[in-house]
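Colleague: This one is entry_5.cif, mmCIF, C-alpha atoms and all ligand atoms.
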```cif
data_run
#
loop_
_atom_site.label_atom_id
_atom_site.label_comp_id
_atom_site.auth_asym_id
_atom_site.auth_seq_id
_atom_site.Cartn_x
_atom_site.Cartn_y
_atom_site.Cartn_z
CA MET J 17 -41.30 -7.50 -42.88
CA ALA J 18 -44.38 -8.29 -44.94
CA PHE J 19 -46.52 -11.29 -44.13
CA GLU J 20 -48.63 -13.39 -46.47
CA THR J 21 -51.62 -12.54 -44.34
CA GLU J 22 -51.14 -8.80 -44.84
CA THR J 23 -53.63 -7.33 -47.27
CA PRO J 24 -54.91 -3.77 -47.53
CA ASP J 25 -57.92 -4.92 -45.53
CA LEU J 26 -55.96 -6.78 -42.87
CA VAL J 27 -56.41 -4.18 -40.16
CA ALA J 28 -60.10 -3.71 -40.95
CA ASP J 29 -60.61 -7.48 -40.93
CA LEU J 30 -58.83 -7.86 -37.62
CA ASN J 31 -60.77 -5.02 -36.06
CA GLY J 32 -64.00 -6.56 -37.25
CA ARG J 33 -63.11 -9.87 -35.61
CA LEU J 34 -61.41 -8.58 -32.48
CA ARG J 35 -63.39 -5.43 -31.68
CA ASN J 36 -65.10 -7.05 -28.71
CA ALA J 37 -62.58 -9.81 -28.01
CA SER J 38 -60.94 -10.22 -24.63
CA PRO J 39 -57.36 -8.97 -24.24
CA GLN J 40 -56.18 -12.57 -24.04
CA GLU J 41 -57.92 -13.46 -27.29
CA ILE J 42 -56.28 -10.47 -28.96
CA LEU J 43 -52.87 -11.47 -27.61
CA ARG J 44 -53.31 -15.05 -28.83
CA GLU J 45 -54.31 -13.85 -32.28
CA ALA J 46 -51.26 -11.56 -32.45
CA ILE J 47 -48.94 -14.38 -31.35
CA ASN J 48 -50.51 -16.87 -33.77
CA MET J 49 -50.16 -14.43 -36.65
CA TYR J 50 -46.70 -13.04 -36.00
CA GLY J 51 -44.83 -15.55 -33.82
CA ASP J 52 -41.26 -14.43 -33.26
CA GLN J 53 -41.91 -11.32 -35.32
CA LEU J 54 -43.98 -9.88 -32.48
CA ALA J 55 -42.86 -7.73 -29.53
CA LEU J 56 -44.68 -6.06 -26.65
CA VAL J 57 -43.58 -2.54 -25.73
CA SER J 58 -43.94 -1.78 -22.03
CA SER J 59 -43.03 1.16 -19.80
CA PHE J 60 -43.25 -1.01 -16.67
CA GLY J 61 -45.39 1.86 -15.44
CA ALA J 62 -48.45 2.24 -13.27
CA GLU J 63 -50.73 -0.09 -15.26
CA SER J 64 -48.20 -2.31 -17.01
CA ALA J 65 -48.45 -5.38 -14.79
CA VAL J 66 -51.84 -6.43 -16.18
CA LEU J 67 -50.80 -6.80 -19.82
CA LEU J 68 -47.41 -8.26 -18.90
CA HIS J 69 -49.12 -10.86 -16.72
CA MET J 70 -51.50 -11.80 -19.55
CA LEU J 71 -48.60 -12.16 -21.95
CA ALA J 72 -46.62 -14.28 -19.49
CA GLN J 73 -49.60 -16.62 -19.13
CA ILE J 74 -49.74 -17.15 -22.91
CA ASP J 75 -46.11 -16.95 -24.04
CA ARG J 76 -43.49 -15.72 -21.59
CA ASP J 77 -40.80 -15.85 -24.30
CA THR J 78 -42.33 -13.06 -26.37
CA PRO J 79 -39.82 -10.17 -26.49
CA VAL J 80 -40.73 -7.25 -24.22
CA LEU J 81 -39.15 -3.92 -25.16
CA PHE J 82 -38.54 -1.49 -22.28
CA LEU J 83 -37.44 2.07 -23.00
CA ASP J 84 -34.86 2.96 -20.38
CA THR J 85 -34.59 6.63 -21.28
CA GLY J 86 -31.90 7.43 -18.73
CA GLN J 87 -34.41 9.76 -17.03
CA LEU J 88 -36.64 7.20 -15.33
CA PHE J 89 -37.44 7.05 -11.64
CA GLY J 90 -35.27 4.61 -9.73
CA GLN J 91 -38.49 2.96 -8.58
CA THR J 92 -39.35 2.12 -12.20
CA LEU J 93 -35.99 0.46 -12.80
CA ASP J 94 -36.43 -1.63 -9.65
CA TYR J 95 -40.00 -2.49 -10.61
CA ARG J 96 -38.94 -3.57 -14.11
CA LYS J 97 -36.51 -6.10 -12.61
CA GLN J 98 -38.84 -7.39 -9.91
CA LEU J 99 -41.93 -7.67 -12.09
CA ALA J 100 -40.14 -9.38 -14.97
CA ALA J 101 -38.70 -11.94 -12.54
CA LYS J 102 -42.03 -12.51 -10.78
CA LEU J 103 -43.89 -13.05 -14.06
CA GLY J 104 -41.15 -15.25 -15.52
CA LEU J 105 -40.68 -13.13 -18.64
CA THR J 106 -37.61 -14.48 -20.37
CA ASP J 107 -36.81 -11.83 -22.97
CA VAL J 108 -37.11 -8.29 -21.60
CA ARG J 109 -34.87 -5.99 -23.63
CA ASP J 110 -33.70 -2.64 -22.24
CA LEU J 111 -33.60 -0.04 -25.00
CA ARG J 112 -31.35 2.92 -24.30
CA PRO J 113 -30.55 6.10 -26.23
CA SER J 114 -27.36 5.87 -28.23
CA PHE J 115 -24.22 7.52 -26.89
CA ALA J 116 -23.82 9.35 -30.18
CA ASP J 117 -27.33 10.81 -30.06
CA LEU J 118 -26.87 11.92 -26.45
CA ALA J 119 -23.46 13.44 -27.14
CA THR J 120 -24.85 15.38 -30.08
CA GLY J 121 -28.31 16.29 -28.87
CA ASP J 122 -28.40 16.20 -25.09
CA PRO J 123 -24.84 16.22 -23.70
CA ASN J 124 -25.90 17.71 -20.35
CA ALA J 125 -29.04 15.57 -19.94
CA ASP J 126 -31.16 18.71 -19.64
CA LEU J 127 -32.81 18.90 -23.05
CA TYR J 128 -36.17 18.23 -21.40
CA LYS J 129 -35.98 21.77 -19.97
CA THR J 130 -36.03 23.43 -23.38
CA ASP J 131 -37.41 20.95 -25.93
CA THR J 132 -39.37 17.96 -24.70
CA ASP J 133 -40.17 16.77 -28.23
CA ALA J 134 -36.47 16.62 -29.15
CA CYS J 135 -35.66 14.92 -25.84
CA CYS J 136 -38.33 12.27 -26.39
CA HIS J 137 -37.05 11.81 -29.93
CA ILE J 138 -33.54 10.96 -28.76
CA ARG J 139 -34.50 8.99 -25.68
CA LYS J 140 -37.64 7.16 -26.83
CA VAL J 141 -38.48 7.41 -30.51
CA LEU J 142 -35.07 6.61 -31.99
CA PRO J 143 -34.25 3.68 -29.68
CA LEU J 144 -37.66 2.14 -30.32
CA ASP J 145 -37.48 2.73 -34.08
CA ARG J 146 -34.16 0.92 -34.18
CA ALA J 147 -35.36 -1.98 -32.04
CA ILE J 148 -38.73 -2.44 -33.71
CA GLU J 149 -37.23 -2.57 -37.18
CA GLY J 150 -36.76 -6.32 -36.90
CA PHE J 151 -40.38 -7.01 -35.97
CA GLY J 152 -43.51 -7.21 -38.06
CA ALA J 153 -45.98 -6.20 -35.37
CA TRP J 154 -46.09 -4.94 -31.81
CA ILE J 155 -48.37 -4.81 -28.82
CA THR J 156 -49.08 -1.70 -26.77
CA GLY J 157 -50.83 -1.15 -23.45
CA ARG J 158 -52.82 1.94 -24.44
CA LYS J 159 -56.47 2.31 -23.38
CA ARG J 160 -59.28 4.57 -24.49
CA PHE J 161 -60.05 5.76 -20.98
CA HIS J 162 -56.73 7.63 -20.98
CA GLY J 163 -58.49 10.25 -23.09
CA GLY J 164 -57.02 12.65 -25.63
CA ASP J 165 -56.14 11.00 -28.93
CA ARG J 166 -56.60 7.63 -27.26
CA LEU J 167 -60.37 8.09 -27.06
CA ARG J 168 -60.64 6.73 -30.60
CA LEU J 169 -58.03 4.01 -30.20
CA ALA J 170 -58.72 0.94 -32.34
CA VAL J 171 -57.95 -2.58 -31.15
CA VAL J 172 -55.70 -3.04 -34.19
CA GLU J 173 -53.92 -0.28 -36.12
CA LYS J 174 -51.20 -0.01 -38.71
CA ALA J 175 -48.57 2.70 -38.37
CA ASP J 176 -45.15 3.13 -39.91
CA GLY J 177 -45.53 -0.19 -41.70
CA LYS J 178 -46.17 -2.19 -38.54
CA VAL J 179 -49.38 -3.67 -37.23
CA LYS J 180 -50.08 -2.57 -33.66
CA PHE J 181 -52.32 -4.57 -31.33
CA ASN J 182 -53.94 -2.73 -28.42
CA PRO J 183 -55.46 -5.56 -26.36
CA LEU J 184 -56.57 -3.28 -23.51
CA ALA J 185 -58.14 -0.58 -25.69
CA ASN J 186 -61.62 -1.40 -24.39
CA TRP J 187 -60.69 -1.84 -20.76
CA THR J 188 -61.58 0.58 -17.98
CA LYS J 189 -59.64 1.46 -14.86
CA ALA J 190 -62.03 -0.75 -12.89
CA ASP J 191 -61.26 -3.69 -15.21
CA LEU J 192 -57.52 -3.20 -14.66
CA ASP J 193 -57.89 -2.92 -10.89
CA ALA J 194 -60.06 -6.04 -10.71
CA TYR J 195 -57.58 -8.07 -12.79
CA ALA J 196 -54.62 -6.86 -10.73
CA ALA J 197 -56.41 -7.75 -7.49
CA GLU J 198 -57.51 -11.17 -8.77
CA HIS J 199 -53.94 -12.06 -9.74
CA ASP J 200 -52.27 -10.31 -6.81
CA LEU J 201 -50.08 -8.21 -9.10
CA PRO J 202 -47.61 -5.87 -7.39
CA PRO J 203 -48.35 -2.19 -8.04
CA HIS J 204 -45.73 0.26 -9.24
CA PRO J 205 -44.45 1.85 -6.01
CA LEU J 206 -45.25 5.39 -7.17
CA VAL J 207 -48.97 4.70 -7.58
CA ALA J 208 -49.47 4.95 -3.82
CA MET J 209 -47.70 8.33 -3.92
CA GLY J 210 -50.27 9.84 -6.29
CA TYR J 211 -48.86 8.90 -9.70
CA PRO J 212 -51.53 7.06 -11.75
CA SER J 213 -49.26 7.28 -14.81
CA VAL J 214 -45.47 7.09 -14.59
CA GLY J 215 -42.96 8.28 -17.16
CA CYS J 216 -39.61 10.06 -16.84
CA TRP J 217 -39.03 11.86 -13.55
CA PRO J 218 -38.61 15.37 -15.03
CA CYS J 219 -41.92 15.13 -16.90
CA THR J 220 -44.18 13.29 -14.46
CA SER J 221 -46.10 14.81 -11.54
CA PRO J 222 -48.56 13.40 -9.04
CA VAL J 223 -52.20 14.26 -9.76
CA GLU J 224 -55.11 15.35 -7.63
CA ASP J 225 -58.09 13.10 -6.99
CA GLY J 226 -60.47 13.25 -9.95
CA GLN J 227 -57.88 14.39 -12.50
CA ASP J 228 -57.30 12.43 -15.70
CA VAL J 229 -54.92 9.51 -15.43
CA ARG J 230 -52.35 11.22 -17.64
CA ALA J 231 -52.78 14.74 -16.23
CA GLY J 232 -49.39 14.49 -14.56
CA ARG J 233 -47.51 13.78 -17.81
CA TRP J 234 -45.85 16.94 -19.18
CA ALA J 235 -48.20 18.88 -16.89
CA GLY J 236 -48.56 22.53 -17.84
CA SER J 237 -47.71 21.96 -21.50
CA ASP J 238 -49.69 20.95 -24.59
CA LYS J 239 -47.68 17.76 -24.99
CA THR J 240 -49.64 14.58 -24.33
CA GLU J 241 -47.65 11.86 -26.13
CA CYS J 242 -43.95 11.08 -26.32
CA GLY J 243 -43.98 10.46 -30.05
CA ILE J 244 -43.66 6.70 -30.27
CA HIS J 245 -47.35 6.43 -31.18
CA VAL J 246 -47.25 9.25 -33.71
CA GLU J 247 -46.97 8.06 -37.30
CA ARG J 248 -43.79 9.29 -38.91
CA ALA J 249 -42.69 9.53 -42.51
CA GLN J 250 -40.57 6.54 -43.50
CA ALA J 251 -37.05 7.94 -43.42
CA PRO J 252 -33.65 6.99 -42.03
CA VAL J 253 -33.59 7.57 -38.30
CA GLU J 254 -31.41 10.48 -37.30
CA VAL J 255 -31.17 12.98 -34.49
CA GLY J 256 -32.86 16.31 -34.79
CA GLY J 257 -36.02 15.29 -36.64
CA ASP J 258 -39.43 16.39 -35.57
CA ILE J 259 -41.85 13.95 -33.88
S1 LIG R 301 -40.55 12.23 -21.06
FE1 LIG R 301 -39.29 14.06 -20.57
S2 LIG R 301 -37.28 13.32 -19.87
FE2 LIG R 301 -38.39 11.60 -20.84
S3 LIG R 301 -37.62 11.54 -22.89
FE3 LIG R 301 -39.50 12.79 -22.96
S4 LIG R 301 -38.90 14.94 -22.57
FE4 LIG R 301 -37.13 13.58 -22.08
#
```
Translate the structure of the given file into structure tokens.

Modeller:
Amino acid sequence: MAFETETPDLVADLNGRLRNASPQEILREAINMYGDQLALVSSFGAESAVLLHMLAQIDRDTPVLFLDTGQLFGQTLDYRKQLAAKLGLTDVRDLRPSFADLATGDPNADLYKTDTDACCHIRKVLPLDRAIEGFGAWITGRKRFHGGDRLRLAVVEKADGKVKFNPLANWTKADLDAYAAEHDLPPHPLVAMGYPSVGCWPCTSPVEDGQDVRAGRWAGSDKTECGIHVERAQAPVEVGGDI
């Protein structure tokens, strides 16, 4: 959906204004601009409570999209329910892979063993592409301190025709911890077991002290992202594409 406010310079203008803004200011700007055409995408993972709490304080009715891949830890599913209830979020939507895609591409639920990109495509990229189609912009919880491609993360981006707001891009781990402590936010239960980043159980490992936050994600492979933040050519969504 195109908005009157969208110009070729929109993202540059927003970045100029919001580069040093607080996460709450960025969230308010996103909500003011996009209203019900805005969604927040959350993994309900190790650091998710901070951004979800901020959103709930500003507008708890904003849709929150949660990718239930079918391969998540049971602790994450429990945490998603408990945290959403505690924060009073009214519109958390569980996105699941389609039966048809699973039947065709991953009938034994073991595709992650041979092709993690294809598995992420079926279980994350396609469900999110379908869900996000009806929105004009979305909010992510990515931060620069996660490293890799995220080191250059802008506060506002445009990808696949959608504006993406990254309110926590500038925040450090210490900022997150201080906010969580100040607001008494419940931690994801796996954090205390050595998981500073939590994804699907087959592709997430605990990390050693001093390792990067995301070192336990697809450990031992070159993969660092699931594909939902990789810009894709505009094309009909179908199983089997590359991400
Ligand atoms: S993170 Fe692993 S299990 Fe989850 S969708 Fe990607 S490859 Fe599949």

Colleague: In terms of the shortest atom-to-atom distance over all atoms listed in the file, which of J:Lys97, J:Leu103, J:Ser59, J:Gln87 is closest to Gln73 of chain J?

Modeller: J:Leu103

Colleague: Counting only C-alpha atoms, figure out which residue out of J:Leu93, J:Val246, J:Ile47, J:Ile138 gets nearest to Ser114 of chain J.

Modeller: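 Among J:Leu93, J:Val246, J:Ile47, J:Ile138, it is J:Ile138 that comes nearest to Ser114 of chain J.
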
Colleague: Please find the residues contacting ligand LIG 301 (chain R) at a distance of at most 10 Å between atoms, with all atoms listed in the file counted, and report them as a PDB file with C-alpha atoms, in the coordinates of the input.

Modeller:
```
ATOM      1  CA  LEU J  83     -37.440   2.070 -23.000  1.00  0.00           C
ATOM      2  CA  ASP J  84     -34.860   2.960 -20.380  1.00  0.00           C
ATOM      3  CA  THR J  85     -34.590   6.630 -21.280  1.00  0.00           C
ATOM      4  CA  GLY J  86     -31.900   7.430 -18.730  1.00  0.00           C
ATOM      5  CA  GLN J  87     -34.410   9.760 -17.030  1.00  0.00           C
ATOM      6  CA  LEU J  88     -36.640   7.200 -15.330  1.00  0.00           C
ATOM      7  CA  PRO J 113     -30.550   6.100 -26.230  1.00  0.00           C
ATOM      8  CA  ASP J 122     -28.400  16.200 -25.090  1.00  0.00           C
ATOM      9  CA  ALA J 125     -29.040  15.570 -19.940  1.00  0.00           C
ATOM     10  CA  ASP J 126     -31.160  18.710 -19.640  1.00  0.00           C
ATOM     11  CA  LEU J 127     -32.810  18.900 -23.050  1.00  0.00           C
ATOM     12  CA  TYR J 128     -36.170  18.230 -21.400  1.00  0.00           C
ATOM     13  CA  LYS J 129     -35.980  21.770 -19.970  1.00  0.00           C
ATOM     14  CA  THR J 130     -36.030  23.430 -23.380  1.00  0.00           C
ATOM     15  CA  ASP J 131     -37.410  20.950 -25.930  1.00  0.00           C
ATOM     16  CA  THR J 132     -39.370  17.960 -24.700  1.00  0.00           C
ATOM     17  CA  ASP J 133     -40.170  16.770 -28.230  1.00  0.00           C
ATOM     18  CA  ALA J 134     -36.470  16.620 -29.150  1.00  0.00           C
ATOM     19  CA  CYS J 135     -35.660  14.920 -25.840  1.00  0.00           C
ATOM     20  CA  CYS J 136     -38.330  12.270 -26.390  1.00  0.00           C
ATOM     21  CA  HIS J 137     -37.050  11.810 -29.930  1.00  0.00           C
ATOM     22  CA  ILE J 138     -33.540  10.960 -28.760  1.00  0.00           C
ATOM     23  CA  ARG J 139     -34.500   8.990 -25.680  1.00  0.00           C
ATOM     24  CA  LYS J 140     -37.640   7.160 -26.830  1.00  0.00           C
ATOM     25  CA  VAL J 141     -38.480   7.410 -30.510  1.00  0.00           C
ATOM     26  CA  VAL J 214     -45.470   7.090 -14.590  1.00  0.00           C
ATOM     27  CA  GLY J 215     -42.960   8.280 -17.160  1.00  0.00           C
ATOM     28  CA  CYS J 216     -39.610  10.060 -16.840  1.00  0.00           C
ATOM     29  CA  TRP J 217     -39.030  11.860 -13.550  1.00  0.00           C
ATOM     30  CA  PRO J 218     -38.610  15.370 -15.030  1.00  0.00           C
ATOM     31  CA  CYS J 219     -41.920  15.130 -16.900  1.00  0.00           C
ATOM     32  CA  THR J 220     -44.180  13.290 -14.460  1.00  0.00           C
ATOM     33  CA  ARG J 233     -47.510  13.780 -17.810  1.00  0.00           C
ATOM     34  CA  TRP J 234     -45.850  16.940 -19.180  1.00  0.00           C
ATOM     35  CA  LYS J 239     -47.680  17.760 -24.990  1.00  0.00           C
ATOM     36  CA  THR J 240     -49.640  14.580 -24.330  1.00  0.00           C
ATOM     37  CA  GLU J 241     -47.650  11.860 -26.130  1.00  0.00           C
ATOM     38  CA  CYS J 242     -43.950  11.080 -26.320  1.00  0.00           C
ATOM     39  CA  GLY J 243     -43.980  10.460 -30.050  1.00  0.00           C
TER      40      GLY J 243
END
```

Colleague: Fewer than 6 positions away in the same chain doesn't count, so skip those; otherwise give me all residues within 8 Å of segment 188-196 of chain J, counting all atoms listed in the file, as a list in words.

Modeller: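 Contacts, with the query itself left out: Glu63, Ala65, Val66, Lys159, Arg160, Phe161 and Pro202 of chain J.
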
Colleague: Provide the atom CA of Ala153 of chain J to atom CA of Asp75 of chain J distance in Å, to one decimal place.

Modeller: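 Taking atom CA of Ala153 of chain J and atom CA of Asp75 of chain J, their separation equals 15.6 Å.
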
Colleague: As an exercise, work out the distance from atom CA of Leu184 of chain J to atom CA of Leu167 of chain J in Å and give it to one decimal place.

Modeller: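 Calculated distance between atom CA of Leu184 of chain J and atom CA of Leu167 of chain J is 12.5 Å.
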
Colleague: Between atom CA of Gln40 of chain J and atom CA of Val80 of chain J, what is the distance in Å, rounded to a tenth?

Modeller: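 Computed distance, atom CA of Gln40 of chain J to atom CA of Val80 of chain J, equals 16.3 Å.
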
Colleague: For a quick check of understanding, using all atoms listed in the file, which of J:Glu149, J:Asp165, J:Asp176, J:Asp200 has the smallest distance to Leu54 of chain J?

Modeller: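 With all atoms listed in the file as the atom set, the closest residue is J:Glu149.
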
Colleague: Ranking J:Leu206, J:Leu81, J:Val229, J:Val172 by minimum distance to Leu26 of chain J and counting only C-alpha atoms, which one comes first?

Modeller: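 Ranked by minimum distance to Leu26 of chain J, first place goes to J:Val172.
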
Colleague: Leaving out Asp94 of chain J and any residue of its chain fewer than 2 positions from it, which residues lie within 12 Å of it when counting only C-alpha atoms, given as a list in words?

Modeller: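 With the cut-off at 12 Å, the set is Phe60, Gly61, Asp84, Leu88, Phe89, Gly90, Gln91, Thr92, Arg96, Lys97, Gln98, Leu99, Ala100, Ala101, His204, Pro205 and Leu206 of chain J.
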
Colleague: So that I have them on file, write out the residues from the current selection with C-alpha atoms, as a CSV table (one decimal), in the coordinates of the input.

Modeller:
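selection-v5.csv, written as the output of this step:
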```
chain,number,residue,atom,x,y,z
J,60,PHE,CA,-43.2,-1.0,-16.7
J,61,GLY,CA,-45.4,1.9,-15.4
J,84,ASP,CA,-34.9,3.0,-20.4
J,88,LEU,CA,-36.6,7.2,-15.3
J,89,PHE,CA,-37.4,7.0,-11.6
J,90,GLY,CA,-35.3,4.6,-9.7
J,91,GLN,CA,-38.5,3.0,-8.6
J,92,THR,CA,-39.4,2.1,-12.2
J,96,ARG,CA,-38.9,-3.6,-14.1
J,97,LYS,CA,-36.5,-6.1,-12.6
J,98,GLN,CA,-38.8,-7.4,-9.9
J,99,LEU,CA,-41.9,-7.7,-12.1
J,100,ALA,CA,-40.1,-9.4,-15.0
J,101,ALA,CA,-38.7,-11.9,-12.5
J,204,HIS,CA,-45.7,0.3,-9.2
J,205,PRO,CA,-44.4,1.8,-6.0
J,206,LEU,CA,-45.2,5.4,-7.2
```

Colleague: Could you work out an axis-aligned bounding box for all listed atoms of segment 164-174 of chain J, with 3 Å added on each of the six sides, and give its centre and edge lengths in Å to one decimal, as lines of an AutoDock Vina configuration file?

Modeller:
```
center_x = -55.9
center_y = 4.8
center_z = -32.2
size_x = 15.4
size_y = 21.7
size_z = 19.1
```
